[in-house]
Amino acid sequence: MHDALNKDWQQLPSLLSLTRDLALQHLQQIDALPPARAPRPPGRTLRLAEEAGAAAALRLFADEWLPCLSNSTGPRYLGFVTGGATPAAVVGDWLVSALDQNPTAGWDGDAPELERQTVAELGRWFGLGAAQQGAFVSGATLSNFVGLALAREWLGEQRGVKVSEQGLAALGPVTVLGAAPHSSIHKAASMLGLGRAAVRPVARLPGREAVDPAALERELQARAGEALIVTASAGTVNSGDFDDLPALLALRERYPFWLHVDAAFGAFAALDPRVAGRVAGLDAADSVCIDLHKWMNLPYDSALQFTRHRALQLRVFSNAAAYLGEIDEARPDFVHLTPENSRRWRALVAWFALQAYGREGHAEIVARNIDGARRLGELVEQDPTLELLAPVRLNIVCFAVRGLDDAAGVQSLLECLRDGGEAFLTPTRFDGRWGLRAAFSNWRTTVEDAERVHSALKKSML
Ligand SMILES: *Cc1c(COP(=O)(O)O)cnc(C)c1O
């Protein structure tokens, strides 16, 4: 064995303690650290540690990289839709690496079974019944990809074609309809050979990002006979808007299409009685995407995909090989269900969080984040220099600075805010206007943080 490897193995106790100390020190000062930082100029070459071994690498990392990272696990990082990592999630995540299971095939241990049970339990949190079967994937993009891959197979089945065998050419063109699909739907259409141009916008309700069901019905009538997927949004990234799922389900009764619901973060509305009605009907979707590294506050690399059509999933993703054993169609191994073969045991992270805090604990995070968004929304409304671009429907505040309606102006304001060290927000365009978004999804963010973000923004505007 290489000398450094051998030494690290001998010194594992001190190595893990040093790592723990570094992580702890970072987390304990997170409130005082700037939520985000300007990246350093690119083009430097990799600096190598002066000594071999993990302890030297740790010192180099702490010195050279750690001070230059975002502190997105802190309470005033409101960019994109970013969660942090709850204590139990960190515990689970550390163990995922230490135990390094590959929960792909189930005859070397029980890791896949923990994944099955965890998926089923989380499905219940969001009102998904036993007919919705799921798996862990790396993020919502992959979850949307799986949903559309299943849709493609289903469309083939309606026409007596097996896309998984014969290829997409045997099916012909597919149209993906949606009012405000997330960018990852376009990416999935590209990866699946449907083509980005297959994603066709449907008219929205006035001032909303939600589909106009009457316009969708006209579109469905005009496209009778075409292979159609409808993607619904349960929580749009710009304004947290929701499509009317019961209305879409009623249309599905009359027109044949596959209904995919991107509920990446919006599914968590199910945990708050004030907004739970927005995801009523989710269980009836053909496929559902739910991200866990956003509002569940698990570290990155975690999302769920659900479908009521598991047999199709097996057709698309099965990975038959003698060395993997027979496929059990009633209880397929995960290697036959998602794009990955070997994969991280990410289910353990979710398992720890659900054991530690339960649905109730996570519901408290969701409610507090909604309260924070509503408070910032009030402050924006009361401030004559700011203007809400959309009502605060969930955890996102989408607003404009009066008189500032260009990309560069918004960007430089946001950089000034970032460099002030108090808050981090990201830009957007809503209804043709440039604006700012604040997305509340961190487990430590309070209503007081919303007030601090507003004050910091005012300071950056001076
Ligand atoms: C974040 C997000 C995605 C993509 O999620 P990743 O986890 O970044 O792959 C898809 N849809 C919605 C609505 C999102 O908010």
# chains A, B, ... in the order shown; residues from 1 in each chain; ligands from 1
$ residues_near_ligand --ligand "ligand 1" --cutoff "7 Å" --atoms "only C-alpha atoms and all ligand atoms" --output "list in words"
Val81, Gly139, Ala140, Thr141, Leu142, His182, Ser184, Ser233, Gly235, Thr236, Val237, Asp262, Ala263, Ala264, Phe265, Asp291, His293 and Ala303 of chain A
$ residues_around --residues "Phe440 of chain A" --least-positions-apart "2" --cutoff "7 Å" --atoms "only C-alpha atoms" --output "MDAnalysis selection string"
chainID A and resid 78 369 372:373 395:396 438 442
$ select_by_dssp --residues "segment 35-268 of chain A" --states "helix (DSSP H, G or I)" --output "PyMOL selection string"
chain A and resi 54-64+66-68+87-99+111-125+140-158+163-166+168-170+183-191+196-198+213-222+245-254+266-268
$ closest_residue --among "A:Ala215, A:Ala4, A:Ala135, A:Ala227" --to "Thr175 of chain A" --atoms "only C-alpha atoms"
A:Ala227
$ closest_residue --among "A:Asp110, A:Asp286, A:Glu64, A:Asp383" --to "Ala49 of chain A" --atoms "only C-alpha atoms"
A:Glu64
$ residues_around --residues "Arg418 of chain A" --least-positions-apart "5" --cutoff "9 Å" --atoms "only C-alpha atoms" --output "VMD selection string"
chain A and resid 34 to 38 413 423 to 425
$ write_last_selection --atoms "all heavy atoms" --output "PDB file, in the first residue's frame"
ATOM      1  N   PRO A  34     -20.306  36.157   4.865  1.00  0.00           N
ATOM      2  CA  PRO A  34     -21.120  36.674   3.764  1.00  0.00           C
ATOM      3  C   PRO A  34     -21.805  35.515   3.049  1.00  0.00           C
ATOM      4  O   PRO A  34     -21.171  34.494   2.798  1.00  0.00           O
ATOM      5  CB  PRO A  34     -20.097  37.350   2.848  1.00  0.00           C
ATOM      6  CG  PRO A  34     -18.787  36.762   3.211  1.00  0.00           C
ATOM      7  CD  PRO A  34     -18.869  36.346   4.651  1.00  0.00           C
ATOM      8  N   PRO A  35     -23.105  35.647   2.727  1.00  0.00           N
ATOM      9  CA  PRO A  35     -23.800  34.542   2.081  1.00  0.00           C
ATOM     10  C   PRO A  35     -23.162  34.127   0.754  1.00  0.00           C
ATOM     11  O   PRO A  35     -23.191  32.963   0.395  1.00  0.00           O
ATOM     12  CB  PRO A  35     -25.207  35.099   1.846  1.00  0.00           C
ATOM     13  CG  PRO A  35     -25.367  36.184   2.863  1.00  0.00           C
ATOM     14  CD  PRO A  35     -24.016  36.776   3.055  1.00  0.00           C
ATOM     15  N   ALA A  36     -22.571  35.089   0.045  1.00  0.00           N
ATOM     16  CA  ALA A  36     -21.950  34.743  -1.240  1.00  0.00           C
ATOM     17  C   ALA A  36     -20.753  35.657  -1.450  1.00  0.00           C
ATOM     18  O   ALA A  36     -20.626  36.693  -0.808  1.00  0.00           O
ATOM     19  CB  ALA A  36     -22.957  34.915  -2.365  1.00  0.00           C
ATOM     20  N   ARG A  37     -19.886  35.242  -2.346  1.00  0.00           N
ATOM     21  CA  ARG A  37     -18.675  36.022  -2.598  1.00  0.00           C
ATOM     22  C   ARG A  37     -18.402  36.102  -4.087  1.00  0.00           C
ATOM     23  O   ARG A  37     -18.729  35.169  -4.829  1.00  0.00           O
ATOM     24  CB  ARG A  37     -17.472  35.334  -1.950  1.00  0.00           C
ATOM     25  CG  ARG A  37     -17.493  35.373  -0.444  1.00  0.00           C
ATOM     26  CD  ARG A  37     -16.404  34.476   0.077  1.00  0.00           C
ATOM     27  NE  ARG A  37     -16.148  34.714   1.485  1.00  0.00           N
ATOM     28  CZ  ARG A  37     -16.161  33.760   2.399  1.00  0.00           C
ATOM     29  NH1 ARG A  37     -16.440  32.524   2.064  1.00  0.00           N
ATOM     30  NH2 ARG A  37     -15.896  34.045   3.648  1.00  0.00           N
ATOM     31  N   ALA A  38     -17.768  37.179  -4.503  1.00  0.00           N
ATOM     32  CA  ALA A  38     -17.360  37.290  -5.905  1.00  0.00           C
ATOM     33  C   ALA A  38     -16.308  36.227  -6.175  1.00  0.00           C
ATOM     34  O   ALA A  38     -15.347  36.104  -5.418  1.00  0.00           O
ATOM     35  CB  ALA A  38     -16.781  38.673  -6.154  1.00  0.00           C
ATOM     36  N   LEU A 413     -26.693  45.801  -9.214  1.00  0.00           N
ATOM     37  CA  LEU A 413     -27.295  45.979  -7.889  1.00  0.00           C
ATOM     38  C   LEU A 413     -27.124  44.701  -7.046  1.00  0.00           C
ATOM     39  O   LEU A 413     -26.764  44.757  -5.860  1.00  0.00           O
ATOM     40  CB  LEU A 413     -28.789  46.326  -8.023  1.00  0.00           C
ATOM     41  CG  LEU A 413     -29.592  46.352  -6.715  1.00  0.00           C
ATOM     42  CD1 LEU A 413     -29.063  47.421  -5.764  1.00  0.00           C
ATOM     43  CD2 LEU A 413     -31.078  46.575  -6.987  1.00  0.00           C
ATOM     44  N   ALA A 423     -26.654  39.647   2.222  1.00  0.00           N
ATOM     45  CA  ALA A 423     -27.692  38.837   1.564  1.00  0.00           C
ATOM     46  C   ALA A 423     -27.301  38.512   0.131  1.00  0.00           C
ATOM     47  O   ALA A 423     -26.477  39.210  -0.466  1.00  0.00           O
ATOM     48  CB  ALA A 423     -29.018  39.607   1.556  1.00  0.00           C
ATOM     49  N   PHE A 424     -27.890  37.450  -0.388  1.00  0.00           N
ATOM     50  CA  PHE A 424     -27.656  37.077  -1.786  1.00  0.00           C
ATOM     51  C   PHE A 424     -28.980  36.751  -2.452  1.00  0.00           C
ATOM     52  O   PHE A 424     -29.743  35.897  -1.988  1.00  0.00           O
ATOM     53  CB  PHE A 424     -26.709  35.871  -1.873  1.00  0.00           C
ATOM     54  CG  PHE A 424     -26.393  35.465  -3.292  1.00  0.00           C
ATOM     55  CD1 PHE A 424     -25.622  36.292  -4.107  1.00  0.00           C
ATOM     56  CD2 PHE A 424     -26.865  34.271  -3.811  1.00  0.00           C
ATOM     57  CE1 PHE A 424     -25.326  35.927  -5.423  1.00  0.00           C
ATOM     58  CE2 PHE A 424     -26.579  33.894  -5.125  1.00  0.00           C
ATOM     59  CZ  PHE A 424     -25.800  34.721  -5.921  1.00  0.00           C
ATOM     60  N   LEU A 425     -29.271  37.485  -3.527  1.00  0.00           N
ATOM     61  CA  LEU A 425     -30.494  37.285  -4.330  1.00  0.00           C
ATOM     62  C   LEU A 425     -30.080  37.097  -5.787  1.00  0.00           C
ATOM     63  O   LEU A 425     -28.964  37.471  -6.160  1.00  0.00           O
ATOM     64  CB  LEU A 425     -31.380  38.544  -4.245  1.00  0.00           C
ATOM     65  CG  LEU A 425     -32.440  38.642  -3.130  1.00  0.00           C
ATOM     66  CD1 LEU A 425     -31.847  38.429  -1.765  1.00  0.00           C
ATOM     67  CD2 LEU A 425     -33.122  40.003  -3.175  1.00  0.00           C
TER      68      LEU A 425
END
$ residues_around --residues "Leu46 of chain A" --least-positions-apart "2" --cutoff "12 Å" --atoms "only C-alpha atoms" --output "list in words"
Pro42, Gly43, Arg44, Leu48, Ala49, Leu60, Phe61, Glu64 and Trp65 of chain A
$ closest_residue --among "A:Arg429, A:Arg346, A:Arg252, A:Arg278" --to "Pro213 of chain A" --atoms "only C-alpha atoms"
A:Arg252
$ residues_around --residues "Ser302 of chain A" --least-positions-apart "2" --cutoff "10 Å" --atoms "only C-alpha atoms" --output "ChimeraX atom specification"
/A:136-140,142-143,290-294,296-300,304,344-347,349-350
$ atom_distance --atom1 "atom CA of Gln355 of chain A" --atom2 "atom CA of Gly147 of chain A"
28.0 Å
$ select_by_dssp --residues "segment 176-280 of chain A" --states "strand (DSSP E or B)" --output "MDAnalysis selection string"
chainID A and resid 176:178 199:201 204 211 227:234 242 258:262
$ residues_around --residues "Leu58 of chain A" --least-positions-apart "2" --cutoff "12 Å" --atoms "only C-alpha atoms" --output "ChimeraX atom specification"
/A:15-23,48-56,60-66
$ residues_around --residues "Ala269 of chain A" --least-positions-apart "4" --cutoff "10 Å" --atoms "only C-alpha atoms" --output "list in words"
Phe126, Ala234, Gly235, Ala263, Phe265, Pro273, Arg274, Val275, Ala276, Gly277, Arg278, Val279, Ala280, Ala363, Val366, Ala367, Ile370, Leu394 and Asn395 of chain A
$ write_last_selection --atoms "N, CA and C atoms" --output "PDB file, in the first residue's frame"
ATOM      1  N   PHE A 126     -46.380  13.899   0.609  1.00  0.00           N
ATOM      2  CA  PHE A 126     -46.893  14.772  -0.444  1.00  0.00           C
ATOM      3  C   PHE A 126     -48.228  14.281  -0.994  1.00  0.00           C
ATOM      4  N   ALA A 234     -45.847  22.916 -10.500  1.00  0.00           N
ATOM      5  CA  ALA A 234     -46.342  23.123  -9.140  1.00  0.00           C
ATOM      6  C   ALA A 234     -45.226  23.885  -8.439  1.00  0.00           C
ATOM      7  N   GLY A 235     -45.275  25.197  -8.594  1.00  0.00           N
ATOM      8  CA  GLY A 235     -44.223  26.062  -8.083  1.00  0.00           C
ATOM      9  C   GLY A 235     -43.264  26.455  -9.191  1.00  0.00           C
ATOM     10  N   ALA A 263     -42.943  19.429  -9.610  1.00  0.00           N
ATOM     11  CA  ALA A 263     -43.256  19.973  -8.278  1.00  0.00           C
ATOM     12  C   ALA A 263     -41.965  20.069  -7.480  1.00  0.00           C
ATOM     13  N   PHE A 265     -39.982  22.148  -5.953  1.00  0.00           N
ATOM     14  CA  PHE A 265     -40.077  22.631  -4.566  1.00  0.00           C
ATOM     15  C   PHE A 265     -41.523  22.828  -4.137  1.00  0.00           C
ATOM     16  N   PRO A 273     -50.976  23.767   5.647  1.00  0.00           N
ATOM     17  CA  PRO A 273     -52.416  23.807   5.339  1.00  0.00           C
ATOM     18  C   PRO A 273     -52.848  25.103   4.643  1.00  0.00           C
ATOM     19  N   ARG A 274     -52.084  26.195   4.825  1.00  0.00           N
ATOM     20  CA  ARG A 274     -52.464  27.454   4.184  1.00  0.00           C
ATOM     21  C   ARG A 274     -52.363  27.386   2.665  1.00  0.00           C
ATOM     22  N   VAL A 275     -51.492  26.525   2.166  1.00  0.00           N
ATOM     23  CA  VAL A 275     -51.257  26.478   0.717  1.00  0.00           C
ATOM     24  C   VAL A 275     -51.385  25.071   0.130  1.00  0.00           C
ATOM     25  N   ALA A 276     -51.728  24.089   0.987  1.00  0.00           N
ATOM     26  CA  ALA A 276     -51.732  22.690   0.542  1.00  0.00           C
ATOM     27  C   ALA A 276     -52.678  22.455  -0.635  1.00  0.00           C
ATOM     28  N   GLY A 277     -53.743  23.258  -0.725  1.00  0.00           N
ATOM     29  CA  GLY A 277     -54.720  23.084  -1.796  1.00  0.00           C
ATOM     30  C   GLY A 277     -54.108  23.202  -3.188  1.00  0.00           C
ATOM     31  N   ARG A 278     -52.985  23.914  -3.287  1.00  0.00           N
ATOM     32  CA  ARG A 278     -52.361  24.122  -4.609  1.00  0.00           C
ATOM     33  C   ARG A 278     -51.850  22.832  -5.232  1.00  0.00           C
ATOM     34  N   VAL A 279     -51.550  21.839  -4.399  1.00  0.00           N
ATOM     35  CA  VAL A 279     -51.043  20.590  -4.968  1.00  0.00           C
ATOM     36  C   VAL A 279     -52.084  19.469  -4.911  1.00  0.00           C
ATOM     37  N   ALA A 280     -53.339  19.848  -4.660  1.00  0.00           N
ATOM     38  CA  ALA A 280     -54.399  18.833  -4.702  1.00  0.00           C
ATOM     39  C   ALA A 280     -54.425  18.242  -6.107  1.00  0.00           C
ATOM     40  N   ALA A 363     -42.527  20.569   8.077  1.00  0.00           N
ATOM     41  CA  ALA A 363     -43.647  21.501   7.863  1.00  0.00           C
ATOM     42  C   ALA A 363     -43.357  22.834   8.550  1.00  0.00           C
ATOM     43  N   VAL A 366     -41.150  24.860   6.277  1.00  0.00           N
ATOM     44  CA  VAL A 366     -41.934  25.378   5.143  1.00  0.00           C
ATOM     45  C   VAL A 366     -42.768  26.578   5.591  1.00  0.00           C
ATOM     46  N   ALA A 367     -43.442  26.440   6.724  1.00  0.00           N
ATOM     47  CA  ALA A 367     -44.306  27.533   7.199  1.00  0.00           C
ATOM     48  C   ALA A 367     -43.485  28.775   7.521  1.00  0.00           C
ATOM     49  N   ILE A 370     -42.418  30.467   4.338  1.00  0.00           N
ATOM     50  CA  ILE A 370     -43.541  31.191   3.728  1.00  0.00           C
ATOM     51  C   ILE A 370     -43.778  32.490   4.493  1.00  0.00           C
ATOM     52  N   LEU A 394     -46.045  31.666  -2.493  1.00  0.00           N
ATOM     53  CA  LEU A 394     -45.468  30.561  -1.725  1.00  0.00           C
ATOM     54  C   LEU A 394     -44.244  31.092  -0.969  1.00  0.00           C
ATOM     55  N   ASN A 395     -43.063  30.762  -1.437  1.00  0.00           N
ATOM     56  CA  ASN A 395     -41.838  31.129  -0.724  1.00  0.00           C
ATOM     57  C   ASN A 395     -40.963  32.066  -1.548  1.00  0.00           C
TER      58      ASN A 395
END
$ atom_distance --atom1 "atom CA of Pro39 of chain A" --atom2 "atom CA of Asn71 of chain A"
12.6 Å
$ closest_residue --among "A:Thr428, A:Gln25, A:Gln158, A:Ser412" --to "Glu226 of chain A" --atoms "only C-alpha atoms"
A:Gln158
$ closest_residue --among "A:Gly84, A:Gly106, A:Gly432, A:Gly79" --to "Pro332 of chain A" --atoms "only C-alpha atoms"
A:Gly106
